[in-house]
>>> print(open('structure_2.pdb').read())   # PDB, C-alpha atoms and all ligand atoms
MODEL        1
ATOM      1  CA  MET Y   1       6.616   5.111  16.541  1.00  0.00           C
ATOM      2  CA  ASN Y   2       5.225   2.844  19.204  1.00  0.00           C
ATOM      3  CA  LEU Y   3       3.877  -0.337  17.667  1.00  0.00           C
ATOM      4  CA  PRO Y   4       1.971  -2.348  20.231  1.00  0.00           C
ATOM      5  CA  TYR Y   5       1.343  -5.318  17.960  1.00  0.00           C
ATOM      6  CA  GLU Y   6      -1.110  -7.947  19.115  1.00  0.00           C
ATOM      7  CA  SER Y   7      -1.083 -11.604  18.108  1.00  0.00           C
ATOM      8  CA  ASP Y   8      -3.864 -11.210  15.536  1.00  0.00           C
ATOM      9  CA  ASP Y   9      -2.253  -8.249  13.770  1.00  0.00           C
ATOM     10  CA  ALA Y  10      -0.511  -8.015  10.410  1.00  0.00           C
ATOM     11  CA  LEU Y  11       1.528  -5.262   8.799  1.00  0.00           C
ATOM     12  CA  LEU Y  12       0.567  -4.272   5.249  1.00  0.00           C
ATOM     13  CA  VAL Y  13       3.018  -2.226   3.181  1.00  0.00           C
ATOM     14  CA  VAL Y  14       1.295  -0.697   0.140  1.00  0.00           C
ATOM     15  CA  ASP Y  15       3.169   0.086  -3.099  1.00  0.00           C
ATOM     16  CA  VAL Y  16       6.481   1.474  -1.806  1.00  0.00           C
ATOM     17  CA  GLN Y  17       7.904   1.511  -5.322  1.00  0.00           C
ATOM     18  CA  ASN Y  18      10.395   3.753  -7.120  1.00  0.00           C
ATOM     19  CA  ASP Y  19       7.782   5.284  -9.425  1.00  0.00           C
ATOM     20  CA  PHE Y  20       5.848   6.637  -6.411  1.00  0.00           C
ATOM     21  CA  CYS Y  21       8.966   8.194  -4.876  1.00  0.00           C
ATOM     22  CA  PRO Y  22      10.564  11.537  -5.828  1.00  0.00           C
ATOM     23  CA  GLY Y  23      12.088  11.238  -9.311  1.00  0.00           C
ATOM     24  CA  GLY Y  24       9.679   8.461 -10.268  1.00  0.00           C
ATOM     25  CA  ALA Y  25       7.054   8.490 -13.017  1.00  0.00           C
ATOM     26  CA  LEU Y  26       4.322   9.336 -10.500  1.00  0.00           C
ATOM     27  CA  GLY Y  27       6.500  10.718  -7.735  1.00  0.00           C
ATOM     28  CA  VAL Y  28       4.732  11.531  -4.469  1.00  0.00           C
ATOM     29  CA  ALA Y  29       6.236  14.405  -2.466  1.00  0.00           C
ATOM     30  CA  GLU Y  30       8.305  12.864   0.367  1.00  0.00           C
ATOM     31  CA  GLY Y  31       7.205   9.422  -0.793  1.00  0.00           C
ATOM     32  CA  ASP Y  32      10.595   8.060   0.224  1.00  0.00           C
ATOM     33  CA  ALA Y  33      10.103   9.390   3.775  1.00  0.00           C
ATOM     34  CA  VAL Y  34       7.867   6.409   4.486  1.00  0.00           C
ATOM     35  CA  VAL Y  35      10.741   3.968   4.003  1.00  0.00           C
ATOM     36  CA  PRO Y  36      12.569   4.321   7.352  1.00  0.00           C
ATOM     37  CA  VAL Y  37       9.254   4.398   9.225  1.00  0.00           C
ATOM     38  CA  LEU Y  38       8.108   1.218   7.516  1.00  0.00           C
ATOM     39  CA  ASN Y  39      11.481  -0.452   8.033  1.00  0.00           C
ATOM     40  CA  ARG Y  40      11.042   0.041  11.775  1.00  0.00           C
ATOM     41  CA  ALA Y  41       7.509  -1.339  11.582  1.00  0.00           C
ATOM     42  CA  ILE Y  42       8.746  -4.358   9.598  1.00  0.00           C
ATOM     43  CA  GLU Y  43      11.527  -5.073  12.076  1.00  0.00           C
ATOM     44  CA  ALA Y  44       9.104  -4.738  15.005  1.00  0.00           C
ATOM     45  CA  ALA Y  45       6.693  -7.109  13.230  1.00  0.00           C
ATOM     46  CA  ARG Y  46       9.464  -9.633  12.710  1.00  0.00           C
ATOM     47  CA  GLN Y  47      10.346  -9.480  16.403  1.00  0.00           C
ATOM     48  CA  ALA Y  48       6.697  -9.847  17.413  1.00  0.00           C
ATOM     49  CA  GLY Y  49       6.068 -12.729  14.981  1.00  0.00           C
ATOM     50  CA  VAL Y  50       3.461 -10.644  13.182  1.00  0.00           C
ATOM     51  CA  PRO Y  51       2.945 -11.437   9.476  1.00  0.00           C
ATOM     52  CA  VAL Y  52       4.067  -8.862   6.919  1.00  0.00           C
ATOM     53  CA  ALA Y  53       2.405  -8.423   3.533  1.00  0.00           C
ATOM     54  CA  ALA Y  54       3.425  -6.059   0.764  1.00  0.00           C
ATOM     55  CA  SER Y  55       1.630  -5.024  -2.396  1.00  0.00           C
ATOM     56  CA  ARG Y  56       3.041  -3.663  -5.601  1.00  0.00           C
ATOM     57  CA  ASP Y  57       1.411  -1.864  -8.498  1.00  0.00           C
ATOM     58  CA  TRP Y  58       2.418  -4.060 -11.442  1.00  0.00           C
ATOM     59  CA  HIS Y  59       1.045  -2.817 -14.737  1.00  0.00           C
ATOM     60  CA  PRO Y  60       1.285  -4.093 -18.302  1.00  0.00           C
ATOM     61  CA  GLN Y  61       2.718  -1.630 -20.898  1.00  0.00           C
ATOM     62  CA  SER Y  62      -0.623  -0.184 -21.849  1.00  0.00           C
ATOM     63  CA  HIS Y  63      -2.760  -0.281 -18.716  1.00  0.00           C
ATOM     64  CA  CYS Y  64      -6.223   1.318 -18.804  1.00  0.00           C
ATOM     65  CA  SER Y  65      -5.275   3.750 -15.997  1.00  0.00           C
ATOM     66  CA  PHE Y  66      -2.644   5.402 -18.232  1.00  0.00           C
ATOM     67  CA  GLU Y  67      -3.401   8.741 -19.934  1.00  0.00           C
ATOM     68  CA  ALA Y  68      -2.884   7.216 -23.402  1.00  0.00           C
ATOM     69  CA  ARG Y  69      -5.838   4.940 -22.680  1.00  0.00           C
ATOM     70  CA  GLY Y  70      -7.998   7.736 -21.226  1.00  0.00           C
ATOM     71  CA  GLY Y  71      -6.967   7.121 -17.623  1.00  0.00           C
ATOM     72  CA  PRO Y  72      -5.757   9.667 -15.052  1.00  0.00           C
ATOM     73  CA  TRP Y  73      -2.087   8.657 -14.731  1.00  0.00           C
ATOM     74  CA  PRO Y  74       1.165   8.798 -16.671  1.00  0.00           C
ATOM     75  CA  PRO Y  75       2.626   5.355 -17.342  1.00  0.00           C
ATOM     76  CA  HIS Y  76       4.047   3.975 -14.082  1.00  0.00           C
ATOM     77  CA  CYS Y  77       5.023   0.733 -12.361  1.00  0.00           C
ATOM     78  CA  ILE Y  78       5.374  -1.198 -15.594  1.00  0.00           C
ATOM     79  CA  GLN Y  79       6.169  -4.836 -14.908  1.00  0.00           C
ATOM     80  CA  GLU Y  80       9.886  -5.705 -14.646  1.00  0.00           C
ATOM     81  CA  THR Y  81      11.028  -2.057 -14.890  1.00  0.00           C
ATOM     82  CA  GLU Y  82      13.160  -0.211 -12.328  1.00  0.00           C
ATOM     83  CA  GLY Y  83      10.213   2.081 -11.618  1.00  0.00           C
ATOM     84  CA  ALA Y  84       8.131  -0.872 -10.513  1.00  0.00           C
ATOM     85  CA  ALA Y  85      10.813  -2.157  -8.131  1.00  0.00           C
ATOM     86  CA  PHE Y  86      10.411  -1.610  -4.414  1.00  0.00           C
ATOM     87  CA  HIS Y  87      12.363   1.357  -3.069  1.00  0.00           C
ATOM     88  CA  PRO Y  88      15.934   0.063  -2.698  1.00  0.00           C
ATOM     89  CA  ASP Y  89      16.065   0.933   1.010  1.00  0.00           C
ATOM     90  CA  LEU Y  90      12.873  -0.895   1.914  1.00  0.00           C
ATOM     91  CA  VAL Y  91      13.874  -3.974   3.891  1.00  0.00           C
ATOM     92  CA  LEU Y  92      11.297  -6.651   3.199  1.00  0.00           C
ATOM     93  CA  THR Y  93      12.191 -10.000   4.699  1.00  0.00           C
ATOM     94  CA  ASP Y  94      11.895 -13.163   2.584  1.00  0.00           C
ATOM     95  CA  ASP Y  95       8.837 -14.336   4.450  1.00  0.00           C
ATOM     96  CA  ALA Y  96       6.830 -11.225   3.515  1.00  0.00           C
ATOM     97  CA  HIS Y  97       3.730 -12.133   1.515  1.00  0.00           C
ATOM     98  CA  LEU Y  98       3.828 -10.305  -1.813  1.00  0.00           C
ATOM     99  CA  VAL Y  99       0.814  -9.450  -3.964  1.00  0.00           C
ATOM    100  CA  SER Y 100       0.735  -7.727  -7.352  1.00  0.00           C
ATOM    101  CA  LYS Y 101      -2.177  -5.629  -8.570  1.00  0.00           C
ATOM    102  CA  GLY Y 102      -3.151  -3.721 -11.675  1.00  0.00           C
ATOM    103  CA  THR Y 103      -1.790  -6.620 -13.677  1.00  0.00           C
ATOM    104  CA  PHE Y 104      -4.697  -6.842 -16.142  1.00  0.00           C
ATOM    105  CA  GLU Y 105      -4.634  -4.383 -19.011  1.00  0.00           C
ATOM    106  CA  GLY Y 106      -8.323  -3.520 -18.816  1.00  0.00           C
ATOM    107  CA  GLU Y 107      -8.880  -3.460 -15.049  1.00  0.00           C
ATOM    108  CA  ASP Y 108      -8.257  -0.931 -12.314  1.00  0.00           C
ATOM    109  CA  GLN Y 109      -7.187  -2.523  -9.047  1.00  0.00           C
ATOM    110  CA  TYR Y 110      -6.319   0.171  -6.543  1.00  0.00           C
ATOM    111  CA  SER Y 111      -6.913  -1.905  -3.440  1.00  0.00           C
ATOM    112  CA  ALA Y 112      -4.339  -4.488  -2.373  1.00  0.00           C
ATOM    113  CA  LEU Y 113      -7.292  -6.693  -1.368  1.00  0.00           C
ATOM    114  CA  ASP Y 114      -9.088  -6.485  -4.713  1.00  0.00           C
ATOM    115  CA  GLY Y 115      -8.784  -9.828  -6.436  1.00  0.00           C
ATOM    116  CA  THR Y 116      -5.322 -10.568  -5.034  1.00  0.00           C
ATOM    117  CA  GLY Y 117      -6.291 -13.246  -2.511  1.00  0.00           C
ATOM    118  CA  LEU Y 118      -4.729 -11.141   0.239  1.00  0.00           C
ATOM    119  CA  GLY Y 119      -7.893 -11.100   2.373  1.00  0.00           C
ATOM    120  CA  ASP Y 120      -8.017 -14.904   2.394  1.00  0.00           C
ATOM    121  CA  TRP Y 121      -4.306 -15.142   3.120  1.00  0.00           C
ATOM    122  CA  LEU Y 122      -4.697 -12.788   6.094  1.00  0.00           C
ATOM    123  CA  ARG Y 123      -7.735 -14.650   7.445  1.00  0.00           C
ATOM    124  CA  HIS Y 124      -5.841 -17.913   7.066  1.00  0.00           C
ATOM    125  CA  GLN Y 125      -3.093 -16.431   9.276  1.00  0.00           C
ATOM    126  CA  GLY Y 126      -5.738 -15.557  11.892  1.00  0.00           C
ATOM    127  CA  VAL Y 127      -5.322 -11.847  11.260  1.00  0.00           C
ATOM    128  CA  ARG Y 128      -8.059  -9.502  12.445  1.00  0.00           C
ATOM    129  CA  ARG Y 129      -6.306  -6.151  12.478  1.00  0.00           C
ATOM    130  CA  LEU Y 130      -4.015  -4.474   9.947  1.00  0.00           C
ATOM    131  CA  TRP Y 131      -1.357  -1.838  10.412  1.00  0.00           C
ATOM    132  CA  VAL Y 132      -1.207  -0.075   7.072  1.00  0.00           C
ATOM    133  CA  GLY Y 133       1.333   2.270   5.503  1.00  0.00           C
ATOM    134  CA  GLY Y 134       2.710   3.067   2.057  1.00  0.00           C
ATOM    135  CA  LEU Y 135       1.799   4.957  -1.097  1.00  0.00           C
ATOM    136  CA  ALA Y 136      -0.215   6.747  -2.030  1.00  0.00           C
ATOM    137  CA  GLN Y 137      -2.388   7.885   0.869  1.00  0.00           C
ATOM    138  CA  ASP Y 138      -5.178   9.223  -1.372  1.00  0.00           C
ATOM    139  CA  VAL Y 139      -5.127   6.417  -3.943  1.00  0.00           C
ATOM    140  CA  CYS Y 140      -4.078   2.859  -3.178  1.00  0.00           C
ATOM    141  CA  VAL Y 141      -3.701   3.223   0.583  1.00  0.00           C
ATOM    142  CA  ARG Y 142      -7.172   4.758   0.721  1.00  0.00           C
ATOM    143  CA  ALA Y 143      -8.690   2.019  -1.443  1.00  0.00           C
ATOM    144  CA  THR Y 144      -6.933  -0.708   0.539  1.00  0.00           C
ATOM    145  CA  VAL Y 145      -7.999   0.643   3.934  1.00  0.00           C
ATOM    146  CA  LEU Y 146     -11.644   1.082   2.874  1.00  0.00           C
ATOM    147  CA  ASP Y 147     -11.677  -2.431   1.383  1.00  0.00           C
ATOM    148  CA  ALA Y 148     -10.112  -3.939   4.509  1.00  0.00           C
ATOM    149  CA  LEU Y 149     -12.720  -2.286   6.742  1.00  0.00           C
ATOM    150  CA  ARG Y 150     -15.484  -3.541   4.429  1.00  0.00           C
ATOM    151  CA  GLU Y 151     -14.066  -7.048   4.760  1.00  0.00           C
ATOM    152  CA  GLY Y 152     -14.231  -6.763   8.534  1.00  0.00           C
ATOM    153  CA  PHE Y 153     -10.609  -6.117   9.439  1.00  0.00           C
ATOM    154  CA  ALA Y 154      -9.792  -3.462  11.991  1.00  0.00           C
ATOM    155  CA  VAL Y 155      -7.311  -0.966  10.571  1.00  0.00           C
ATOM    156  CA  ASN Y 156      -4.628   1.186  12.118  1.00  0.00           C
ATOM    157  CA  LEU Y 157      -3.384   3.590   9.479  1.00  0.00           C
ATOM    158  CA  MET Y 158       0.131   4.786  10.282  1.00  0.00           C
ATOM    159  CA  GLN Y 159      -0.014   8.428   9.276  1.00  0.00           C
ATOM    160  CA  GLU Y 160       3.759   8.896   9.435  1.00  0.00           C
ATOM    161  CA  ALA Y 161       4.135   5.987   7.042  1.00  0.00           C
ATOM    162  CA  THR Y 162       2.057   7.345   4.176  1.00  0.00           C
ATOM    163  CA  ARG Y 163       2.061  10.343   1.803  1.00  0.00           C
ATOM    164  CA  PRO Y 164      -0.539  11.551  -0.735  1.00  0.00           C
ATOM    165  CA  VAL Y 165      -0.264  12.332  -4.457  1.00  0.00           C
ATOM    166  CA  ASP Y 166      -2.278  15.473  -3.725  1.00  0.00           C
ATOM    167  CA  PRO Y 167      -2.321  17.180  -0.288  1.00  0.00           C
ATOM    168  CA  ASP Y 168      -6.045  18.061  -0.391  1.00  0.00           C
ATOM    169  CA  GLY Y 169      -6.857  14.568  -1.572  1.00  0.00           C
ATOM    170  CA  GLY Y 170      -4.734  13.268   1.280  1.00  0.00           C
ATOM    171  CA  HIS Y 171      -6.761  15.177   3.873  1.00  0.00           C
ATOM    172  CA  ARG Y 172     -10.030  14.049   2.345  1.00  0.00           C
ATOM    173  CA  ALA Y 173      -8.853  10.449   2.225  1.00  0.00           C
ATOM    174  CA  LEU Y 174      -7.817  10.600   5.882  1.00  0.00           C
ATOM    175  CA  GLU Y 175     -11.273  11.830   6.893  1.00  0.00           C
ATOM    176  CA  GLU Y 176     -12.943   9.219   4.745  1.00  0.00           C
ATOM    177  CA  MET Y 177     -10.857   6.412   6.246  1.00  0.00           C
ATOM    178  CA  ARG Y 178     -11.507   7.701   9.767  1.00  0.00           C
ATOM    179  CA  GLU Y 179     -15.250   7.907   9.129  1.00  0.00           C
ATOM    180  CA  ALA Y 180     -15.226   4.372   7.760  1.00  0.00           C
ATOM    181  CA  GLY Y 181     -13.716   3.197  11.051  1.00  0.00           C
ATOM    182  CA  ALA Y 182      -9.942   3.320  10.633  1.00  0.00           C
ATOM    183  CA  ASN Y 183      -7.791   4.400  13.557  1.00  0.00           C
ATOM    184  CA  ILE Y 184      -5.292   7.004  12.423  1.00  0.00           C
ATOM    185  CA  VAL Y 185      -2.181   6.356  14.502  1.00  0.00           C
TER     186      VAL Y 185
HETATM  187  C1  LIG J   1      -1.335   4.251  -7.228  1.00  0.00           C
HETATM  188  C2  LIG J   1      -1.865   5.861  -8.776  1.00  0.00           C
HETATM  189  C3  LIG J   1      -1.918   4.912  -9.767  1.00  0.00           C
HETATM  190  C4  LIG J   1      -1.001   3.908  -5.826  1.00  0.00           C
HETATM  191  C5  LIG J   1      -1.390   3.293  -8.214  1.00  0.00           C
HETATM  192  O1  LIG J   1      -0.360   2.860  -5.587  1.00  0.00           O
HETATM  193  O2  LIG J   1      -1.383   4.692  -4.928  1.00  0.00           O
HETATM  194  N1  LIG J   1      -1.589   5.529  -7.531  1.00  0.00           N
HETATM  195  N2  LIG J   1      -1.681   3.633  -9.474  1.00  0.00           N
HETATM  196 ZN    ZN J   2      -1.112   2.254 -10.915  1.00  0.00          ZN
ENDMDL
END
>>> encode(input="structure_2.pdb", output="structure tokens", more="lines below")
Ligand code: VGL
Ligand code: ZN
Amino acid sequence: MNLPYESDDALLVVDVQNDFCPGGALGVAEGDAVVPVLNRAIEAARQAGVPVAASRDWHPQSHCSFEARGGPWPPHCIQETEGAAFHPDLVLTDDAHLVSKGTFEGEDQYSALDGTGLGDWLRHQGVRRLWVGGLAQDVCVRATVLDALREGFAVNLMQEATRPVDPDGGHRALEEMREAGANIV
């Protein structure tokens, strides 16, 4: 993947966690295939001096998005569990800016920019454009990209670096993100 980073870019890695990879509580088909692609993007960002941010889904035991509470999902990404850990092969450098979301029992927070302070952090770094990848394409990546566009960031979505929970949902999400102004690269 060619990554022509510019000085006002940042890389945003969304929810590359064990529970969203094959074998996980909410395993996305080929979810782990995003890891080597994102590792290359992270290394290229480091070389270009481009900031790297990463989000994680970080739920309390009985989050409102879980089926037991009437939500759509099986329990996943419970704080401090192995399932909530980043994929072991993902190489995030120490200077990556980490945000956690879904941390309040009664609140959905699919977007990495929703109430995490990430938008302000990015603006403070002078960032105007985001390169986005991670999981899942039709859920948190979608919500993050749409939120970022709404906040005025330009977005390059790295298609190779994301996978959907549901293939049809993935296609729809891609169209929706494109129509909202994202570049699919
Ligand atoms: C996600 C489903 C539930 C995601 C988070 O990170 O895409 N999907 N919670
Ligand atoms: Zn979740």
>>> resolve_selection(input="structure_2.pdb", expression="the PyMOL selection byres (((chain Y and resi 102) around 6) and not hetatm)", output="MDAnalysis selection string")
chainID Y and resid 57:59 101 103:104 108:109
>>> atom_distance(input="structure_2.pdb", atom1="CA of Ala84 in chain Y", atom2="CA of Pro60 in chain Y")
10.9 Å
>>> closest_residue(input="structure_2.pdb", among="Y:Gly181, Y:Gly126, Y:Pro164, Y:Gly152", to="ligand LIG 1 (chain J)", atoms="all atoms listed in the file")
Y:Pro164
>>> closest_residue(input="structure_2.pdb", among="Y:Arg150, Y:His97, Y:His63, Y:Arg40", to="ligand LIG 1 (chain J)", atoms="all atoms listed in the file")
Y:His63
>>> closest_residue(input="structure_2.pdb", among="Y:Val16, Y:Leu3, Y:Val165, Y:Met158", to="Val50 in chain Y", atoms="all atoms listed in the file")
Y:Leu3
>>> residues_near_ligand(input="structure_2.pdb", ligand="ligand LIG 1 (chain J)", cutoff="6 Å", atoms="only C-alpha atoms and all ligand atoms", output="list in words")
Asp15, Asp57, Leu135, Ala136, Val139 and Cys140 of chain Y
>>> decode(input="structure_2.pdb", residues="range 35-148 of chain Y", atoms="C-alpha atoms", output="PDB file, in the first residue's frame")
ATOM      1  CA  VAL Y  35      -2.900  -6.417  11.222  1.00  0.00           C
ATOM      2  CA  PRO Y  36       0.029  -6.616   8.760  1.00  0.00           C
ATOM      3  CA  VAL Y  37      -1.500  -3.862   6.621  1.00  0.00           C
ATOM      4  CA  LEU Y  38      -1.865  -1.596   9.633  1.00  0.00           C
ATOM      5  CA  ASN Y  39       1.622  -2.446  10.881  1.00  0.00           C
ATOM      6  CA  ARG Y  40       3.010  -1.142   7.593  1.00  0.00           C
ATOM      7  CA  ALA Y  41       0.880   1.989   7.891  1.00  0.00           C
ATOM      8  CA  ILE Y  42       2.074   2.516  11.479  1.00  0.00           C
ATOM      9  CA  GLU Y  43       5.721   2.111  10.516  1.00  0.00           C
ATOM     10  CA  ALA Y  44       5.285   4.501   7.573  1.00  0.00           C
ATOM     11  CA  ALA Y  45       3.600   7.009   9.910  1.00  0.00           C
ATOM     12  CA  ARG Y  46       6.473   6.747  12.359  1.00  0.00           C
ATOM     13  CA  GLN Y  47       8.962   7.415   9.566  1.00  0.00           C
ATOM     14  CA  ALA Y  48       6.931  10.372   8.301  1.00  0.00           C
ATOM     15  CA  GLY Y  49       6.451  11.842  11.797  1.00  0.00           C
ATOM     16  CA  VAL Y  50       2.695  11.455  11.445  1.00  0.00           C
ATOM     17  CA  PRO Y  51       0.746  10.979  14.701  1.00  0.00           C
ATOM     18  CA  VAL Y  52      -0.843   7.593  15.361  1.00  0.00           C
ATOM     19  CA  ALA Y  53      -4.007   7.138  17.410  1.00  0.00           C
ATOM     20  CA  ALA Y  54      -5.690   3.882  18.342  1.00  0.00           C
ATOM     21  CA  SER Y  55      -9.093   3.190  19.832  1.00  0.00           C
ATOM     22  CA  ARG Y  56     -10.280   0.204  21.779  1.00  0.00           C
ATOM     23  CA  ASP Y  57     -13.752  -1.014  22.640  1.00  0.00           C
ATOM     24  CA  TRP Y  58     -13.577  -1.244  26.437  1.00  0.00           C
ATOM     25  CA  HIS Y  59     -16.824  -2.395  27.989  1.00  0.00           C
ATOM     26  CA  PRO Y  60     -17.933  -2.978  31.571  1.00  0.00           C
ATOM     27  CA  GLN Y  61     -19.263  -6.503  32.388  1.00  0.00           C
ATOM     28  CA  SER Y  62     -22.853  -5.680  31.618  1.00  0.00           C
ATOM     29  CA  HIS Y  63     -22.785  -3.107  28.831  1.00  0.00           C
ATOM     30  CA  CYS Y  64     -26.087  -1.997  27.276  1.00  0.00           C
ATOM     31  CA  SER Y  65     -24.983  -3.232  23.819  1.00  0.00           C
ATOM     32  CA  PHE Y  66     -24.890  -6.847  25.072  1.00  0.00           C
ATOM     33  CA  GLU Y  67     -27.762  -9.234  24.249  1.00  0.00           C
ATOM     34  CA  ALA Y  68     -28.508  -9.791  27.957  1.00  0.00           C
ATOM     35  CA  ARG Y  69     -29.352  -6.095  28.192  1.00  0.00           C
ATOM     36  CA  GLY Y  70     -31.407  -6.070  24.972  1.00  0.00           C
ATOM     37  CA  GLY Y  71     -28.524  -5.012  22.738  1.00  0.00           C
ATOM     38  CA  PRO Y  72     -27.396  -6.578  19.447  1.00  0.00           C
ATOM     39  CA  TRP Y  73     -24.073  -8.135  20.507  1.00  0.00           C
ATOM     40  CA  PRO Y  74     -22.718 -11.022  22.556  1.00  0.00           C
ATOM     41  CA  PRO Y  75     -20.501  -9.876  25.422  1.00  0.00           C
ATOM     42  CA  HIS Y  76     -17.176  -8.675  23.987  1.00  0.00           C
ATOM     43  CA  CYS Y  77     -14.174  -6.488  24.780  1.00  0.00           C
ATOM     44  CA  ILE Y  78     -14.748  -6.579  28.517  1.00  0.00           C
ATOM     45  CA  GLN Y  79     -12.243  -4.382  30.316  1.00  0.00           C
ATOM     46  CA  GLU Y  80      -8.976  -6.087  31.347  1.00  0.00           C
ATOM     47  CA  THR Y  81      -9.820  -9.374  29.571  1.00  0.00           C
ATOM     48  CA  GLU Y  82      -7.712 -11.062  26.883  1.00  0.00           C
ATOM     49  CA  GLY Y  83     -10.518 -10.462  24.391  1.00  0.00           C
ATOM     50  CA  ALA Y  84     -10.227  -6.729  24.903  1.00  0.00           C
ATOM     51  CA  ALA Y  85      -6.459  -6.720  24.337  1.00  0.00           C
ATOM     52  CA  PHE Y  86      -5.080  -5.485  21.043  1.00  0.00           C
ATOM     53  CA  HIS Y  87      -4.213  -8.256  18.595  1.00  0.00           C
ATOM     54  CA  PRO Y  88      -0.816  -9.540  19.768  1.00  0.00           C
ATOM     55  CA  ASP Y  89       0.815  -8.869  16.390  1.00  0.00           C
ATOM     56  CA  LEU Y  90      -0.303  -5.257  16.170  1.00  0.00           C
ATOM     57  CA  VAL Y  91       2.779  -3.103  16.670  1.00  0.00           C
ATOM     58  CA  LEU Y  92       1.659   0.110  18.316  1.00  0.00           C
ATOM     59  CA  THR Y  93       4.533   2.342  19.329  1.00  0.00           C
ATOM     60  CA  ASP Y  94       4.583   3.904  22.811  1.00  0.00           C
ATOM     61  CA  ASP Y  95       3.778   7.336  21.476  1.00  0.00           C
ATOM     62  CA  ALA Y  96       0.471   6.183  19.953  1.00  0.00           C
ATOM     63  CA  HIS Y  97      -2.469   8.062  21.456  1.00  0.00           C
ATOM     64  CA  LEU Y  98      -4.894   5.559  22.967  1.00  0.00           C
ATOM     65  CA  VAL Y  99      -8.605   6.137  23.547  1.00  0.00           C
ATOM     66  CA  SER Y 100     -11.147   3.797  25.132  1.00  0.00           C
ATOM     67  CA  LYS Y 101     -14.836   3.807  24.262  1.00  0.00           C
ATOM     68  CA  GLY Y 102     -17.975   2.019  25.345  1.00  0.00           C
ATOM     69  CA  THR Y 103     -16.750   2.379  28.899  1.00  0.00           C
ATOM     70  CA  PHE Y 104     -20.081   3.502  30.389  1.00  0.00           C
ATOM     71  CA  GLU Y 105     -22.566   0.761  31.159  1.00  0.00           C
ATOM     72  CA  GLY Y 106     -25.575   2.617  29.780  1.00  0.00           C
ATOM     73  CA  GLU Y 107     -24.075   4.299  26.710  1.00  0.00           C
ATOM     74  CA  ASP Y 108     -23.292   3.180  23.188  1.00  0.00           C
ATOM     75  CA  GLN Y 109     -20.134   4.752  21.809  1.00  0.00           C
ATOM     76  CA  TYR Y 110     -19.357   3.282  18.415  1.00  0.00           C
ATOM     77  CA  SER Y 111     -17.310   6.189  17.133  1.00  0.00           C
ATOM     78  CA  ALA Y 112     -13.741   6.670  18.346  1.00  0.00           C
ATOM     79  CA  LEU Y 113     -14.469  10.420  18.319  1.00  0.00           C
ATOM     80  CA  ASP Y 114     -17.613  10.220  20.449  1.00  0.00           C
ATOM     81  CA  GLY Y 115     -16.838  11.659  23.850  1.00  0.00           C
ATOM     82  CA  THR Y 116     -13.230  10.445  23.868  1.00  0.00           C
ATOM     83  CA  GLY Y 117     -11.501  13.790  23.326  1.00  0.00           C
ATOM     84  CA  LEU Y 118      -9.830  12.362  20.228  1.00  0.00           C
ATOM     85  CA  GLY Y 119     -11.099  15.138  17.937  1.00  0.00           C
ATOM     86  CA  ASP Y 120      -9.546  17.796  20.176  1.00  0.00           C
ATOM     87  CA  TRP Y 121      -6.316  15.836  20.467  1.00  0.00           C
ATOM     88  CA  LEU Y 122      -6.087  15.575  16.670  1.00  0.00           C
ATOM     89  CA  ARG Y 123      -6.847  19.272  16.152  1.00  0.00           C
ATOM     90  CA  HIS Y 124      -4.235  20.124  18.766  1.00  0.00           C
ATOM     91  CA  GLN Y 125      -1.695  18.158  16.689  1.00  0.00           C
ATOM     92  CA  GLY Y 126      -2.687  20.214  13.624  1.00  0.00           C
ATOM     93  CA  VAL Y 127      -4.297  17.211  11.971  1.00  0.00           C
ATOM     94  CA  ARG Y 128      -6.725  17.813   9.120  1.00  0.00           C
ATOM     95  CA  ARG Y 129      -6.846  14.435   7.423  1.00  0.00           C
ATOM     96  CA  LEU Y 130      -7.168  10.914   8.826  1.00  0.00           C
ATOM     97  CA  TRP Y 131      -6.088   7.594   7.395  1.00  0.00           C
ATOM     98  CA  VAL Y 132      -8.452   5.097   8.964  1.00  0.00           C
ATOM     99  CA  GLY Y 133      -8.381   1.313   9.266  1.00  0.00           C
ATOM    100  CA  GLY Y 134      -9.474  -1.357  11.731  1.00  0.00           C
ATOM    101  CA  LEU Y 135     -12.585  -3.192  12.875  1.00  0.00           C
ATOM    102  CA  ALA Y 136     -15.328  -3.446  12.140  1.00  0.00           C
ATOM    103  CA  GLN Y 137     -15.938  -1.770   8.788  1.00  0.00           C
ATOM    104  CA  ASP Y 138     -19.737  -1.695   9.192  1.00  0.00           C
ATOM    105  CA  VAL Y 139     -19.817  -0.762  12.881  1.00  0.00           C
ATOM    106  CA  CYS Y 140     -17.117   1.245  14.620  1.00  0.00           C
ATOM    107  CA  VAL Y 141     -15.058   2.120  11.552  1.00  0.00           C
ATOM    108  CA  ARG Y 142     -18.222   3.361   9.858  1.00  0.00           C
ATOM    109  CA  ALA Y 143     -19.287   5.403  12.889  1.00  0.00           C
ATOM    110  CA  THR Y 144     -15.791   6.835  13.320  1.00  0.00           C
ATOM    111  CA  VAL Y 145     -15.416   7.836   9.667  1.00  0.00           C
ATOM    112  CA  LEU Y 146     -18.855   9.496   9.527  1.00  0.00           C
ATOM    113  CA  ASP Y 147     -18.138  11.350  12.784  1.00  0.00           C
ATOM    114  CA  ALA Y 148     -14.721  12.497  11.560  1.00  0.00           C
TER     115      ALA Y 148
END
